[in-house]
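> For reference, the structure I am asking about is given below.
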Amino acid sequence: MTRVSVEVPAELGEPIRETVLMLYEVSAESLHLALKHRALAEARLHQARVDELDDLVRQLRGTERPLGLAAPRDLLHDTLYGALIDAGERLAETSNRCWRGELPAGRVQEAAEEVLALDALLRGLDESSP
């Protein structure tokens, strides 16, 4: 598995961390189910994914400053894509709330900037693919 690195701006650290934790939870549940059904080959795959995510969680400590993340390309892709989806959902909700007058209009731009920044990271990762 090819390991790659990506530089994450401080403002994206927390949204990416949340996505990594969600992926960690899902992978741990998959590992549990594979072990419960005695599917040992499948369990080894899930354990490897949990180990990779554990490493990524450790790298995401101290998200108040820009940081470099290094992980297998597919794991970084899944992480950035998941964070982008979540940011898109926040943008939709923020837009709706601004339209109803519940939030100031400037909040849409903030949410959109997060989407664009995550998209840029994901495109940069995809463009560096072998």
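Quick note on naming: the chains in the structure tokens go A, B, ... in the order shown, residues restart at 1 in each chain, and ligands are numbered from 1 in order of appearance.
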Find the spatial neighbours of Glu114 of chain A, counting only C-alpha atoms, within a cut-off of 8 Å - ignore same-chain residues fewer than 4 positions away - and output them as a PDB file with C-alpha atoms, in the first residue's frame.

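This is the output file result14.pdb:
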```pdb
ATOM      1  CA  LEU A  12      -9.511  21.530   8.681  1.00  0.00           C
ATOM      2  CA  ALA A  87     -18.732  19.708   5.038  1.00  0.00           C
ATOM      3  CA  GLU A 110     -17.381  30.277   5.793  1.00  0.00           C
ATOM      4  CA  LEU A 118     -11.340  19.991   1.480  1.00  0.00           C
TER       5      LEU A 118
END
```
> Can you list, as number ranges by chain, every residue of chain A that DSSP puts in strand (DSSP E)?
A: 3-8, 67-72
> Identify which of the residues A:Ala39, A:Ala48, A:Leu116, A:Ala34 lies closest to Leu91 of chain A, counting only C-alpha atoms when measuring atom-to-atom distances.
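Ranking A:Ala39, A:Ala48, A:Leu116, A:Ala34 by distance to Leu91 of chain A, first place goes to A:Leu116.
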> Name the residues in contact with Arg107 of chain A at a cut-off of 8 Å, using only C-alpha atoms, excluding same-chain residues fewer than 6 positions from it; report them as a list of chain:residue names.
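Contacts, with the query itself left out: A:Thr94, A:Ser95, A:Cys98.
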> Would you work out the distance separating atom CA of Pro15 of chain A from atom CA of Ala83 of chain A, expressed in Å to one decimal?
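We find that atom CA of Pro15 of chain A and atom CA of Ala83 of chain A lie 6.2 Å from each other.
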> Looking at A:Ala105, A:Leu67, A:Leu31, A:Val115, which one is nearest to Asp86 of chain A, with distances taken over only C-alpha atoms?
A:Val115
> From the DSSP assignment of the backbone, select every residue of chain A that is alpha helix (DSSP H), and format the answer as a ChimeraX atom specification.
/A:10-36,40-59,73-99,106-127
> So which residues touch Leu21 of chain A within 10 Å, counting only C-alpha atoms, skipping near sequence neighbours fewer than 4 positions away, as a list in words?
Ile16, Arg17, Glu25, Val26, Ser27, Leu53, Asp54, Leu56, Val57 and Thr79 of chain A
> The selected residues should be written to file as a short mmCIF file (atom, residue, chain, number, x, y, z; two decimals), in the first residue's frame (atoms: N, CA and C atoms).

```
data_model
loop_
_atom_site.label_atom_id
_atom_site.label_comp_id
_atom_site.auth_asym_id
_atom_site.auth_seq_id
_atom_site.Cartn_x
_atom_site.Cartn_y
_atom_site.Cartn_z
N ILE A 16 -11.54 16.80 9.83
CA ILE A 16 -10.89 15.57 9.37
C ILE A 16 -10.79 14.57 10.52
N ARG A 17 -10.47 15.06 11.70
CA ARG A 17 -10.40 14.19 12.88
C ARG A 17 -11.74 13.50 13.13
N GLU A 25 -14.61 3.90 14.14
CA GLU A 25 -15.75 3.22 14.77
C GLU A 25 -16.33 2.15 13.84
N VAL A 26 -16.53 2.51 12.58
CA VAL A 26 -17.09 1.56 11.62
C VAL A 26 -16.16 0.37 11.41
N SER A 27 -14.86 0.65 11.32
CA SER A 27 -13.90 -0.43 11.11
C SER A 27 -13.82 -1.35 12.33
N LEU A 53 -5.93 3.47 11.01
CA LEU A 53 -6.72 4.57 11.55
C LEU A 53 -6.19 5.01 12.91
N ASP A 54 -5.74 4.05 13.72
CA ASP A 54 -5.16 4.38 15.01
C ASP A 54 -3.94 5.29 14.82
N LEU A 56 -3.44 7.28 12.29
CA LEU A 56 -3.94 8.57 11.82
C LEU A 56 -4.51 9.40 12.97
N VAL A 57 -5.21 8.76 13.89
CA VAL A 57 -5.75 9.46 15.06
C VAL A 57 -4.60 10.09 15.86
N THR A 79 -10.74 9.37 3.98
CA THR A 79 -10.87 10.37 5.03
C THR A 79 -11.24 11.74 4.47
#
```
> With a distance cut-off of 8 Å and only C-alpha atoms, select the neighbouring residues of Leu69 of chain A, excluding the residue or stretch itself and same-chain residues fewer than 4 positions from it, and output the selection as a list of chain:residue names.
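These residues fall inside the cut-off: A:Ser5, A:Val6, A:Glu7, A:Val8, A:Leu56, A:Gln59, A:Leu60.
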> Mind writing the picked residues with N, CA and C atoms as a compact mmCIF listing (two decimals), in the first residue's frame?

```txt
# COMPACT_ATOMS: atom_id res chain seq x y z
N SER A 5 1.62 11.68 1.84
CA SER A 5 1.48 12.73 2.86
C SER A 5 0.63 13.85 2.30
N VAL A 6 -0.06 14.53 3.20
CA VAL A 6 -0.85 15.69 2.83
C VAL A 6 -0.72 16.71 3.96
N GLU A 7 -0.60 17.98 3.58
CA GLU A 7 -0.53 19.06 4.56
C GLU A 7 -1.95 19.56 4.83
N VAL A 8 -2.35 19.51 6.08
CA VAL A 8 -3.70 19.89 6.47
C VAL A 8 -3.66 21.23 7.21
N LEU A 56 -3.44 7.28 12.29
CA LEU A 56 -3.94 8.57 11.82
C LEU A 56 -4.51 9.40 12.97
N GLN A 59 -1.74 11.04 14.74
CA GLN A 59 -1.20 12.17 13.98
C GLN A 59 -2.07 13.41 14.09
N LEU A 60 -3.35 13.21 14.37
CA LEU A 60 -4.30 14.33 14.41
C LEU A 60 -4.40 14.98 15.79
```
> In Å, rounded to a single decimal, give me how far atom CA of Leu121 of chain A is from atom CA of Pro66 of chain A.
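So the answer is 13.1 Å.
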> For the atom pair atom CA of His32 of chain A and atom CA of Leu75 of chain A, what is the interatomic distance in Å to one decimal place?
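Atom-to-atom, atom CA of His32 of chain A and atom CA of Leu75 of chain A are spaced 19.9 Å apart.
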